[in-house]
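Heads up: the structure comes next, in structure tokens.
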Amino acid sequence: MGKISEIKFSVQLDENQLPETIDWETRDGSSKDSEKSSSKSVLIAIWDKKESATLRIDLWTKDMSIDEMKQFYYQSLLSMADTFKKATGEDKITEDLKDYCAHFAEKMGLISQN
């Protein structure tokens, strides 16, 4: 049997059920030690094989700033483009996605206009 790795998220909610903290930890199947970290936001996308649909969990803490969220989305979009290229080998559409990411970053004030 192969190695099993585990990712665990713990979300502390306030009285209005809004996330105050998001902590996560990883556990490698070959070790009893885990690495714990805190985060202000998490995006999880899961492909449901049975339904042929994407399930999503999007959480962010109350103290995450708008500027941090803009940066988080920009970096997430770039990462998704890289993953898509790696998974499919589709170079042309990946470049189109990265062009959109640059447009997004420019419109959000994350990079300067040329």
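In the structure tokens, chains take letters A, B, ... by order of appearance, with residues numbered from 1 within each chain and ligands from 1 in the order shown.
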All residues 12 Å or closer to Ile44 in chain A, only C-alpha atoms, same chain fewer than 4 positions away omitted, as a PyMOL selection string | chain A and resi 7+9+54-60+76+80
Contact check, range 30-86 of chain A to range 91-99 of chain A, at most 9 Å, counting only C-alpha atoms, closest pairs as JSON lines:
```
{"residue": "A:Leu77", "atom": "CA", "partner": "A:Lys98", "partner_atom": "CA", "distance": 8.1}
{"residue": "A:Leu78", "atom": "CA", "partner": "A:Lys98", "partner_atom": "CA", "distance": 6.4}
{"residue": "A:Met80", "atom": "CA", "partner": "A:Leu97", "partner_atom": "CA", "distance": 8.9}
{"residue": "A:Ala81", "atom": "CA", "partner": "A:Thr94", "partner_atom": "CA", "distance": 5.6}
{"residue": "A:Asp82", "atom": "CA", "partner": "A:Thr94", "partner_atom": "CA", "distance": 7.3}
{"residue": "A:Phe84", "atom": "CA", "partner": "A:Thr94", "partner_atom": "CA", "distance": 7.1}
{"residue": "A:Lys85", "atom": "CA", "partner": "A:Thr94", "partner_atom": "CA", "distance": 6.0}
```
Writer output for current selection, C-alpha atoms, as a PDB file, in the first residue's frame:
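Saved file out-v9.pdb follows:
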```pdb
ATOM      1  CA  LEU A  77      -5.174  32.326 -10.780  1.00  0.00           C
ATOM      2  CA  LEU A  78      -1.527  32.106 -11.876  1.00  0.00           C
ATOM      3  CA  MET A  80      -4.244  27.413 -11.641  1.00  0.00           C
ATOM      4  CA  ALA A  81      -2.852  28.305 -15.069  1.00  0.00           C
ATOM      5  CA  ASP A  82       0.422  26.525 -14.245  1.00  0.00           C
ATOM      6  CA  PHE A  84      -3.639  23.366 -16.048  1.00  0.00           C
ATOM      7  CA  LYS A  85      -0.575  23.417 -18.308  1.00  0.00           C
TER       8      LYS A  85
END
```
Gap from CA of Asp67 in chain A to CA of Ser112 in chain A - Å, one decimal =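 Going from CA of Asp67 in chain A over to CA of Ser112 in chain A, I get 14.9 Å.
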Selection near range 19-27 of chain A, 10 Å with only C-alpha atoms, sequence-local residues under 6 positions removed, as a PyMOL selection string | chain A and resi 4-13+33-42+59-64
Could you tell me how far CA of Glu106 in chain A lies from CA of Ser65 in chain A, in Å and to one decimal?
->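 Straight-line distance from CA of Glu106 in chain A to CA of Ser65 in chain A works out to 18.3 Å.
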Grab the CA of Gly109 in chain A to CA of Ser79 in chain A distance for me, in Å with one decimal place.
-> 19.1 Å
Please run DSSP on the backbone and report, as an MDAnalysis selection string, all residues within range 6-114 of chain A that come out as alpha helix (DSSP H).
-> chainID A and resid 66:88 91:107
Among chain A, which residues carry a DSSP assignment of strand (DSSP E or B), reported as a count of residues only?
-> 41
Near-Lys70 in chain A list (8 Å; only C-alpha atoms; drop same-chain fewer than 4 positions) as a PyMOL selection string | chain A and resi 66+74+108+110
